[in-house]
$ cat run_36.csv   # CSV, C-alpha atoms
chain,number,residue,atom,x,y,z
A,51,MET,CA,0.0,0.0,0.0
A,52,PRO,CA,1.3,3.5,-0.8
A,53,ASN,CA,2.2,5.8,2.1
A,54,ASN,CA,-0.8,8.1,2.4
A,55,LEU,CA,0.3,9.8,5.6
A,56,LEU,CA,-0.3,13.5,5.6
A,57,SER,CA,2.3,15.7,7.3
A,58,ILE,CA,0.9,19.0,8.4
A,59,ILE,CA,3.8,21.4,8.8
A,60,VAL,CA,3.2,24.6,10.9
A,61,PRO,CA,5.8,27.3,11.5
A,62,ILE,CA,5.4,28.9,15.0
A,63,LEU,CA,6.8,31.8,16.9
A,64,ASN,CA,5.3,32.7,20.3
A,65,GLU,CA,1.9,31.1,19.5
A,66,SER,CA,1.0,29.6,22.9
A,67,ASP,CA,-2.5,31.1,22.8
A,68,LEU,CA,-3.4,29.1,19.6
A,69,LEU,CA,-1.5,25.8,19.8
A,70,LEU,CA,-4.0,23.7,21.7
A,71,LYS,CA,-7.0,25.1,19.8
A,72,PHE,CA,-5.2,24.2,16.5
A,73,LEU,CA,-4.5,20.7,17.7
A,74,ASP,CA,-8.1,20.3,19.0
A,75,GLY,CA,-9.4,21.2,15.6
A,76,LEU,CA,-7.2,18.6,13.8
A,77,SER,CA,-8.3,16.0,16.3
A,78,CYS,CA,-11.8,16.2,14.8
A,79,GLN,CA,-10.6,15.1,11.3
A,80,GLU,CA,-11.9,11.7,10.2
A,81,PHE,CA,-10.5,9.0,7.9
A,82,CYS,CA,-7.1,10.6,7.4
A,83,GLU,CA,-3.8,9.5,8.8
A,84,LEU,CA,-1.8,12.5,9.8
A,85,GLU,CA,1.0,13.9,11.8
A,86,VAL,CA,1.6,17.5,12.9
A,87,ILE,CA,5.1,19.0,12.9
A,88,PHE,CA,5.5,22.3,14.7
A,89,CYS,CA,8.6,24.2,13.5
A,90,ASP,CA,9.6,26.7,16.2
A,91,GLY,CA,11.7,29.7,15.2
A,92,GLY,CA,12.9,30.6,18.7
A,93,SER,CA,9.8,31.2,20.8
A,94,TRP,CA,10.3,32.7,24.2
A,95,ASP,CA,6.7,32.2,25.5
A,96,ASP,CA,5.3,28.8,26.5
A,97,SER,CA,4.9,27.4,23.0
A,98,VAL,CA,7.6,24.8,23.2
A,99,GLN,CA,6.5,23.6,26.6
A,100,LEU,CA,2.9,23.3,25.5
A,101,VAL,CA,3.8,21.3,22.4
A,102,LYS,CA,5.9,18.9,24.5
A,103,ARG,CA,3.0,18.4,26.9
A,104,ALA,CA,0.6,17.8,24.1
A,105,GLN,CA,2.7,15.2,22.3
A,106,SER,CA,0.9,12.3,24.1
A,107,SER,CA,-2.5,13.8,24.2
A,108,TYR,CA,-3.8,13.3,20.6
A,109,GLY,CA,-4.5,10.4,18.4
A,110,PHE,CA,-1.8,11.4,15.9
A,111,PRO,CA,1.9,12.1,16.3
A,112,VAL,CA,2.9,15.6,17.3
A,113,LYS,CA,6.5,16.6,16.6
A,114,LEU,CA,8.5,19.6,17.6
A,115,ILE,CA,11.6,20.8,15.8
A,116,SER,CA,13.6,23.9,16.1
A,117,SER,CA,15.1,25.9,13.3
A,118,GLN,CA,16.4,29.4,12.5
A,119,PRO,CA,13.6,32.0,12.3
A,120,GLY,CA,11.9,32.7,9.0
A,121,ARG,CA,8.9,30.9,7.6
A,122,GLY,CA,10.8,29.5,4.6
A,123,LYS,CA,13.6,28.0,6.8
A,124,GLN,CA,11.1,26.7,9.4
A,125,MET,CA,8.9,25.0,6.8
A,126,ASN,CA,11.8,23.5,4.9
A,127,ALA,CA,13.1,22.1,8.3
A,128,GLY,CA,9.6,20.7,8.9
A,129,ALA,CA,9.5,19.0,5.5
A,130,LYS,CA,12.8,17.3,6.2
A,131,ALA,CA,11.5,15.9,9.5
A,132,ALA,CA,8.2,14.8,7.9
A,133,SER,CA,7.4,11.1,7.5
A,134,GLY,CA,4.4,11.5,5.1
A,135,SER,CA,4.3,11.4,1.3
A,136,TRP,CA,2.0,14.4,1.3
A,137,TYR,CA,2.6,17.8,2.8
A,138,LEU,CA,0.1,20.4,4.0
A,139,PHE,CA,1.7,23.8,5.0
A,140,MET,CA,-0.7,25.6,7.3
A,141,HIS,CA,-0.8,28.7,9.6
A,142,ILE,CA,-1.4,28.3,13.3
A,143,ASP,CA,-4.6,30.4,13.2
A,144,SER,CA,-6.4,28.2,10.7
A,145,MET,CA,-8.8,25.3,11.2
A,146,PHE,CA,-11.3,23.2,9.3
A,147,GLU,CA,-15.0,23.1,10.0
A,148,GLU,CA,-15.7,20.0,7.9
A,149,PRO,CA,-14.5,16.8,9.8
A,150,ARG,CA,-13.6,15.1,6.5
A,151,ALA,CA,-11.9,18.1,5.0
A,152,LEU,CA,-8.4,16.5,4.9
A,153,MET,CA,-9.7,13.2,3.7
A,154,LEU,CA,-11.5,14.8,0.8
A,155,ALA,CA,-8.6,17.1,-0.1
A,156,LEU,CA,-6.1,14.2,-0.1
A,157,SER,CA,-8.4,12.0,-2.1
A,158,MET,CA,-8.8,14.8,-4.7
A,159,LEU,CA,-5.1,15.3,-5.1
A,160,GLN,CA,-4.5,11.6,-5.3
A,161,ARG,CA,-7.0,11.4,-8.2
A,162,GLU,CA,-5.4,14.4,-9.9
A,163,LYS,CA,-2.0,12.7,-9.7
A,164,LEU,CA,-3.4,9.7,-11.6
A,165,LEU,CA,-4.8,11.7,-14.5
A,166,PRO,CA,-2.8,11.0,-17.7
A,167,GLY,CA,-1.0,13.8,-19.5
A,168,GLN,CA,-1.5,16.3,-16.7
A,169,LYS,CA,1.1,18.4,-15.0
A,170,PRO,CA,1.7,17.8,-11.2
A,171,ALA,CA,-1.0,19.3,-9.0
A,172,ALA,CA,-0.9,21.2,-5.8
A,173,GLY,CA,-4.0,22.2,-3.8
A,174,HIS,CA,-5.2,25.2,-1.9
A,175,PHE,CA,-8.4,25.8,0.1
A,176,GLN,CA,-11.0,28.5,0.0
A,177,LEU,CA,-10.7,30.9,2.9
A,178,ARG,CA,-13.3,32.0,5.3
A,179,PHE,CA,-12.4,34.7,7.8
A,180,GLN,CA,-13.2,34.2,11.5
A,181,ARG,CA,-14.1,37.7,12.7
A,182,LYS,CA,-15.1,39.3,16.0
A,183,GLU,CA,-17.7,41.5,14.1
A,184,GLN,CA,-20.5,39.3,12.7
A,185,LYS,CA,-22.0,42.0,10.5
A,186,PRO,CA,-21.7,41.1,6.8
A,187,SER,CA,-18.7,42.8,5.2
A,188,PHE,CA,-18.3,43.2,1.4
A,189,SER,CA,-14.5,43.5,1.8
A,190,TYR,CA,-14.2,40.2,3.5
A,191,PHE,CA,-16.7,38.6,1.1
A,192,PHE,CA,-14.5,39.8,-1.8
A,193,TYR,CA,-11.3,38.4,-0.4
A,194,GLU,CA,-12.9,35.1,0.5
A,195,SER,CA,-14.4,34.8,-3.0
A,196,LYS,CA,-11.0,35.6,-4.6
A,197,SER,CA,-9.4,32.8,-2.6
A,198,ARG,CA,-11.3,30.3,-4.9
A,199,LEU,CA,-9.5,31.6,-8.0
A,200,ASP,CA,-6.2,30.4,-9.4
A,201,LEU,CA,-5.3,33.8,-11.1
A,202,PRO,CA,-2.0,35.5,-10.2
A,203,ASP,CA,-1.7,36.8,-6.6
A,204,CYS,CA,-4.8,34.9,-5.5
A,205,ILE,CA,-3.1,32.0,-3.8
A,206,HIS,CA,-1.2,32.5,-0.6
A,207,GLY,CA,0.1,30.5,2.4
A,208,ASP,CA,-2.9,31.3,4.6
A,209,GLN,CA,-5.1,29.1,2.3
A,210,GLY,CA,-3.1,26.0,3.1
A,211,LEU,CA,-0.7,24.6,0.5
A,212,MET,CA,-1.0,20.8,-0.1
A,213,LEU,CA,1.2,18.8,-2.4
A,214,ASN,CA,3.1,15.6,-2.8
A,215,ARG,CA,6.5,15.2,-1.2
A,216,SER,CA,8.2,14.4,-4.6
A,217,PHE,CA,6.7,17.5,-6.2
A,218,PHE,CA,7.8,19.7,-3.3
A,219,GLU,CA,11.3,18.4,-3.6
A,220,GLU,CA,11.2,18.9,-7.3
A,221,LEU,CA,10.3,22.5,-6.7
A,222,GLY,CA,13.3,22.9,-4.4
A,223,GLY,CA,11.2,23.7,-1.3
A,224,PHE,CA,10.7,27.2,0.0
A,225,GLU,CA,13.2,30.0,-0.7
A,226,GLU,CA,15.0,30.6,2.6
A,227,HIS,CA,16.6,33.9,1.8
A,228,LEU,CA,13.2,35.7,1.6
A,229,PRO,CA,12.1,37.3,4.9
A,230,PHE,CA,8.5,36.8,3.7
A,231,LEU,CA,6.7,36.1,0.5
A,232,GLU,CA,8.2,32.6,0.5
A,233,ASP,CA,4.7,31.3,-0.1
A,234,SER,CA,4.2,33.5,-3.2
A,235,ALA,CA,7.5,32.3,-4.6
A,236,LEU,CA,6.5,28.7,-4.2
A,237,VAL,CA,3.1,29.4,-5.8
A,238,ASP,CA,4.9,30.9,-8.8
A,239,ARG,CA,7.1,27.8,-9.2
A,240,VAL,CA,4.1,25.5,-9.0
A,241,ASN,CA,2.5,27.6,-11.8
A,242,GLU,CA,5.6,27.2,-13.9
A,243,SER,CA,5.9,23.4,-13.7
A,244,GLY,CA,2.5,22.3,-12.4
A,245,ARG,CA,-1.0,23.5,-11.7
A,246,TRP,CA,-3.2,24.5,-8.8
A,247,VAL,CA,-6.5,22.9,-7.9
A,248,LEU,CA,-9.1,24.2,-5.5
A,249,LEU,CA,-9.6,21.7,-2.8
A,250,PRO,CA,-13.2,20.8,-1.8
A,251,SER,CA,-13.4,22.2,1.7
A,252,VAL,CA,-13.2,25.6,3.4
A,253,LEU,CA,-10.3,26.7,5.6
A,254,THR,CA,-11.3,29.1,8.4
A,255,THR,CA,-8.6,31.6,9.3
A,256,SER,CA,-8.4,34.3,11.9
A,257,ALA,CA,-8.9,37.9,10.8
A,258,ARG,CA,-6.9,39.0,13.9
A,259,ARG,CA,-4.3,40.8,11.8
A,260,PHE,CA,-6.8,42.6,9.6
A,261,GLU,CA,-8.8,43.6,12.7
A,262,MET,CA,-5.8,44.8,14.5
A,263,GLU,CA,-4.1,46.7,11.7
A,264,GLY,CA,-7.2,47.7,9.7
A,265,LEU,CA,-8.3,45.7,6.6
A,266,ARG,CA,-8.0,48.6,4.1
A,267,ALA,CA,-4.5,49.6,5.4
A,268,ARG,CA,-3.2,46.0,5.3
A,269,GLN,CA,-4.5,45.3,1.9
A,270,THR,CA,-3.1,48.6,0.6
A,271,LEU,CA,0.3,47.6,1.9
A,272,ASN,CA,-0.1,44.1,0.5
A,273,ALA,CA,-0.8,45.6,-2.9
A,274,LEU,CA,2.4,47.7,-2.7
A,275,ILE,CA,4.4,44.6,-1.7
A,276,MET,CA,3.0,42.4,-4.5
A,277,ASN,CA,3.6,45.2,-7.0
A,278,PHE,CA,7.2,45.8,-6.0
A,279,ARG,CA,7.8,42.0,-5.9
A,280,TYR,CA,6.5,41.8,-9.5
A,281,ILE,CA,8.6,44.6,-10.8
A,282,GLY,CA,11.7,43.4,-8.9
A,283,TRP,CA,12.3,46.6,-6.8
A,284,GLN,CA,14.7,45.0,-4.2
A,285,ARG,CA,15.6,48.3,-2.5
A,286,PHE,CA,12.1,48.5,-1.1
A,287,PHE,CA,12.4,45.1,0.4
A,288,ASP,CA,15.8,45.8,1.9
A,289,GLU,CA,14.3,48.7,3.8
A,290,LEU,CA,10.9,47.1,4.7
A,291,PRO,CA,12.0,45.2,7.9
A,292,GLY,CA,13.1,48.4,9.5
A,293,ILE,CA,9.8,50.1,8.8
A,294,TYR,CA,7.9,47.1,10.2
A,295,ARG,CA,9.8,47.3,13.4
A,296,GLN,CA,8.6,50.9,13.9
A,297,GLN,CA,5.0,49.7,14.0
A,298,THR,CA,3.4,49.0,17.4
A,299,GLU,CA,1.6,45.6,17.3
A,300,ALA,CA,-1.4,46.8,19.3
A,301,LEU,CA,-2.2,49.8,17.0
A,302,PRO,CA,-3.6,50.1,13.5
A,303,LEU,CA,-1.1,49.9,10.7
A,304,ASP,CA,0.4,53.3,9.9
A,305,LEU,CA,1.0,53.6,6.2
A,306,LEU,CA,2.8,57.0,6.3
A,307,PRO,CA,6.2,55.6,7.1
A,308,PHE,CA,6.0,53.3,4.0
A,309,TRP,CA,5.0,56.2,1.8
A,310,LEU,CA,7.9,58.3,3.2
A,311,LYS,CA,10.4,55.6,2.5
A,312,ILE,CA,9.1,55.0,-1.0
A,313,ARG,CA,9.4,58.8,-1.7
A,314,GLU,CA,12.9,58.8,-0.2
A,315,LEU,CA,14.0,55.9,-2.4
A,316,LEU,CA,12.5,57.5,-5.5
A,317,SER,CA,14.2,60.8,-4.8
A,318,ALA,CA,17.6,59.1,-4.9
A,319,MET,CA,16.9,57.9,-8.5
A,320,SER,CA,17.3,59.7,-11.8
A,321,PHE,CA,14.1,60.9,-13.5
A,322,LYS,CA,14.5,58.3,-16.1
A,323,ARG,CA,14.8,55.5,-13.6
A,324,GLN,CA,11.8,56.8,-11.7
A,325,TRP,CA,9.6,56.6,-14.7
A,326,GLN,CA,10.9,53.2,-15.6
A,327,LEU,CA,9.6,52.1,-12.2
A,328,TRP,CA,6.3,53.9,-12.6
A,329,LEU,CA,5.8,52.3,-16.1
A,330,ALA,CA,6.6,48.9,-14.7
A,331,THR,CA,4.1,49.5,-11.9
A,332,GLY,CA,1.5,50.6,-14.5
A,333,GLY,CA,2.0,47.4,-16.4
A,334,TYR,CA,1.4,45.4,-13.2
A,335,VAL,CA,-1.7,47.4,-12.2
A,336,ARG,CA,-3.1,47.0,-15.7
A,337,SER,CA,-2.7,43.3,-15.5
A,338,GLN,CA,-4.7,43.3,-12.3
A,339,ALA,CA,-7.6,45.2,-13.8
A,340,TRP,CA,-9.7,42.0,-13.8
A,341,GLN,CA,-10.1,42.6,-10.0
A,342,LEU,CA,-12.4,45.6,-10.7
A,343,LEU,CA,-14.6,43.4,-12.9
A,344,TYR,CA,-14.6,40.6,-10.2
A,345,ALA,CA,-15.3,43.1,-7.4
A,346,TRP,CA,-18.3,44.4,-9.3
A,347,HIS,CA,-19.6,40.9,-9.8
A,348,CYS,CA,-19.0,40.1,-6.1
A,349,TYR,CA,-20.8,43.2,-5.0
A,350,ALA,CA,-23.9,42.3,-7.0
A,351,GLN,CA,-23.9,38.8,-5.5
A,352,PHE,CA,-23.2,40.2,-2.0
A,353,ARG,CA,-26.2,42.5,-2.2
A,354,HIS,CA,-28.4,39.5,-3.0
A,355,GLY,CA,-26.8,37.2,-0.4
A,356,GLN,CA,-25.4,34.9,-3.0
A,357,MET,CA,-22.0,33.4,-3.6
A,358,ALA,CA,-19.7,34.8,-6.3
A,359,ILE,CA,-19.9,32.4,-9.3
A,360,LEU,CA,-17.4,33.7,-11.9
A,361,SER,CA,-14.6,31.3,-12.5
A,362,SER,CA,-11.0,32.2,-13.5
A,363,ASP,CA,-11.6,31.3,-17.1
A,364,GLU,CA,-14.8,33.3,-17.3
A,365,ILE,CA,-13.0,36.4,-15.8
A,366,LEU,CA,-10.2,36.1,-18.4
A,367,GLU,CA,-12.7,35.6,-21.2
A,368,ARG,CA,-14.6,38.8,-20.2
A,369,MET,CA,-11.4,40.7,-20.0
A,370,THR,CA,-10.3,39.8,-23.6
A,371,GLY,CA,-11.5,43.1,-25.0
A,372,PHE,CA,-9.8,45.2,-22.3
A,373,GLU,CA,-6.5,43.3,-22.8
A,374,ARG,CA,-6.7,43.9,-26.6
A,375,ILE,CA,-7.1,47.6,-26.1
A,376,THR,CA,-4.7,48.3,-23.2
A,377,SER,CA,-1.9,45.7,-23.7
A,378,ASN,CA,0.4,48.3,-25.4
A,379,PRO,CA,2.7,51.1,-24.4
A,380,ILE,CA,-0.1,53.7,-24.3
A,381,GLY,CA,-2.2,51.5,-22.0
A,382,ARG,CA,0.7,51.0,-19.7
A,383,PHE,CA,1.5,54.7,-19.7
A,384,ILE,CA,-2.1,55.7,-18.8
A,385,SER,CA,-2.1,53.1,-16.0
A,386,ALA,CA,1.2,54.4,-14.7
A,387,LEU,CA,-0.1,57.9,-14.7
A,388,LEU,CA,-3.2,56.9,-12.8
A,389,VAL,CA,-1.1,55.1,-10.2
A,390,TRP,CA,1.2,58.1,-9.9
A,391,CYS,CA,-1.8,60.3,-9.2
A,392,TRP,CA,-3.2,57.8,-6.7
A,393,PHE,CA,0.1,57.5,-4.9
A,394,HIS,CA,0.6,61.2,-4.4
A,395,LEU,CA,-3.0,61.9,-3.4
A,396,THR,CA,-2.8,59.1,-0.9
A,397,TYR,CA,0.4,60.7,0.5
A,398,LEU,CA,-1.4,64.0,0.9
A,399,PHE,CA,-4.3,62.2,2.7
A,400,LEU,CA,-1.9,60.4,5.0
A,401,LEU,CA,-0.1,63.7,5.8
A,402,LYS,CA,-3.3,65.5,6.6
A,403,ARG,CA,-4.5,62.6,8.9
A,404,TYR,CA,-1.1,62.6,10.7
A,405,PHE,CA,-1.2,66.4,11.4
A,406,LYS,CA,-4.8,66.2,12.5
A,407,TYR,CA,-4.0,63.4,14.9
A,408,SER,CA,-0.9,65.3,16.2
A,409,ARG,CA,-3.0,68.4,16.9
A,410,THR,CA,-5.7,66.3,18.6
A,411,LYS,CA,-3.1,64.6,20.7
A,412,ALA,CA,-1.5,67.9,21.7
A,413,THR,CA,-4.7,69.3,22.9
$ encode --input "run_36.csv" --output "structure tokens"
Amino acid sequence: MPNNLLSIIVPILNESDLLLKFLDGLSCQEFCELEVIFCDGGSWDDSVQLVKRAQSSYGFPVKLISSQPGRGKQMNAGAKAASGSWYLFMHIDSMFEEPRALMLALSMLQREKLLPGQKPAAGHFQLRFQRKEQKPSFSYFFYESKSRLDLPDCIHGDQGLMLNRSFFEELGGFEEHLPFLEDSALVDRVNESGRWVLLPSVLTTSARRFEMEGLRARQTLNALIMNFRYIGWQRFFDELPGIYRQQTEALPLDLLPFWLKIRELLSAMSFKRQWQLWLATGGYVRSQAWQLLYAWHCYAQFRHGQMAILSSDEILERMTGFERITSNPIGRFISALLVWCWFHLTYLFLLKRYFKYSRTKAT
């Protein structure tokens, strides 16, 4: 019989509040042989002690390994320690509501592997955010709906990444030199040599980061990060960790330091280099215009209490005319100009809000 053991690999760093809840959720899974590997990146809370005490409390093996900090390094170390022929990389704040979610997902990928003439398949789950506020939110509805698509920048590590051990090794694992976005790099390599499939269950994940930082601010920063990754602006990423360290974890995300840093980096460039960067950004933003179409579709469905039904292929088909008109230097220039205006107007807004907050605090 083939080895159908599923190794669930979870990077942790000071996650003592969530560890047992995560394990309790997995203990409800049926008809799936699994093991859980926690990859600790140097926790100084009770995480390590909690995992050690939990190792004999569940009906599946619970392993604990230590590695250098960094999700890429931690998950690669977890993969090396895994016994299963299938991997599922998860975040600690995620859980499944369906007791047969893992069994169904593994069965689907096993069937996909047997299809003749097909590239290797990796799977991801649809997201559902667990929020403190229960009032319906279009923003969360849109992002949950987008997690069902396999278009660029729609698949991320918080959706759970499941694939065969041999395919993972063929891909070379996670890139360890990246401080973050290691999941996006792996997603891209799967797209190059394989394909993604949507697994048949929903993965619930905590909205704690969005609720703490603010959904709009976090998604704005995410959009900047994905754009600069796409155009290869490494200087921004070299400076990013320092800006992050200035943020207070208990407060909403402050975007002004990021805008100031971008302006500083741009001012050090020649005018020609600046516009090369803006034009590259315009090309990326133009390629993401399908999100406006999809957002309109999602809003119509949201108003009627229905699920978004457009597939990736249908979106691309409807965008054919737009692509034909804008996929040229003029289209990219117009897009770059619009982004330039948005960036500077947002900067003025952030400055105005900062000075208003400073005056209020002073009084």
$ atom_distance --input "run_36.csv" --atom1 "CA of Ser116 (chain A)" --atom2 "CA of Asp90 (chain A)"
4.9 Å
$ residues_around --input "run_36.csv" --residues "Ser362 (chain A)" --least-positions-apart "4" --cutoff "7 Å" --atoms "only C-alpha atoms" --output "VMD selection string"
chain A and resid 199 to 201 366
$ atom_distance --input "run_36.csv" --atom1 "CA of Glu194 (chain A)" --atom2 "CA of Leu177 (chain A)"
5.3 Å
$ residues_around --input "run_36.csv" --residues "Gln160 (chain A)" --least-positions-apart "5" --cutoff "10 Å" --atoms "all atoms listed in the file" --output "PyMOL selection string"
chain A and resi 54+136+154-155+165+171+213-214
$ write_last_selection --input "run_36.csv" --atoms "C-alpha atoms" --output "PDB file, in the coordinates of the input"
ATOM      1  CA  ASN A  54      -0.800   8.100   2.400  1.00  0.00           C
ATOM      2  CA  TRP A 136       2.000  14.400   1.300  1.00  0.00           C
ATOM      3  CA  LEU A 154     -11.500  14.800   0.800  1.00  0.00           C
ATOM      4  CA  ALA A 155      -8.600  17.100  -0.100  1.00  0.00           C
ATOM      5  CA  LEU A 165      -4.800  11.700 -14.500  1.00  0.00           C
ATOM      6  CA  ALA A 171      -1.000  19.300  -9.000  1.00  0.00           C
ATOM      7  CA  LEU A 213       1.200  18.800  -2.400  1.00  0.00           C
ATOM      8  CA  ASN A 214       3.100  15.600  -2.800  1.00  0.00           C
TER       9      ASN A 214
END
$ residues_around --input "run_36.csv" --residues "Ile275 (chain A)" --least-positions-apart "6" --cutoff "10 Å" --atoms "all atoms listed in the file" --output "ChimeraX atom specification"
/A:231,269,283,286-287,290
$ residues_around --input "run_36.csv" --residues "Lys182 (chain A)" --least-positions-apart "2" --cutoff "10 Å" --atoms "all atoms listed in the file" --output "number ranges by chain"
A: 179-180, 184-185, 256-258, 261
$ residues_around --input "run_36.csv" --residues "Pro250 (chain A)" --least-positions-apart "2" --cutoff "9 Å" --atoms "all atoms listed in the file" --output "PyMOL selection string"
chain A and resi 151+154-155+158+175-176+248+252
$ closest_residue --input "run_36.csv" --among "A:Glu289, A:Glu219, A:Glu364, A:Asp203" --to "Ser135 (chain A)" --atoms "all atoms listed in the file"
A:Glu219
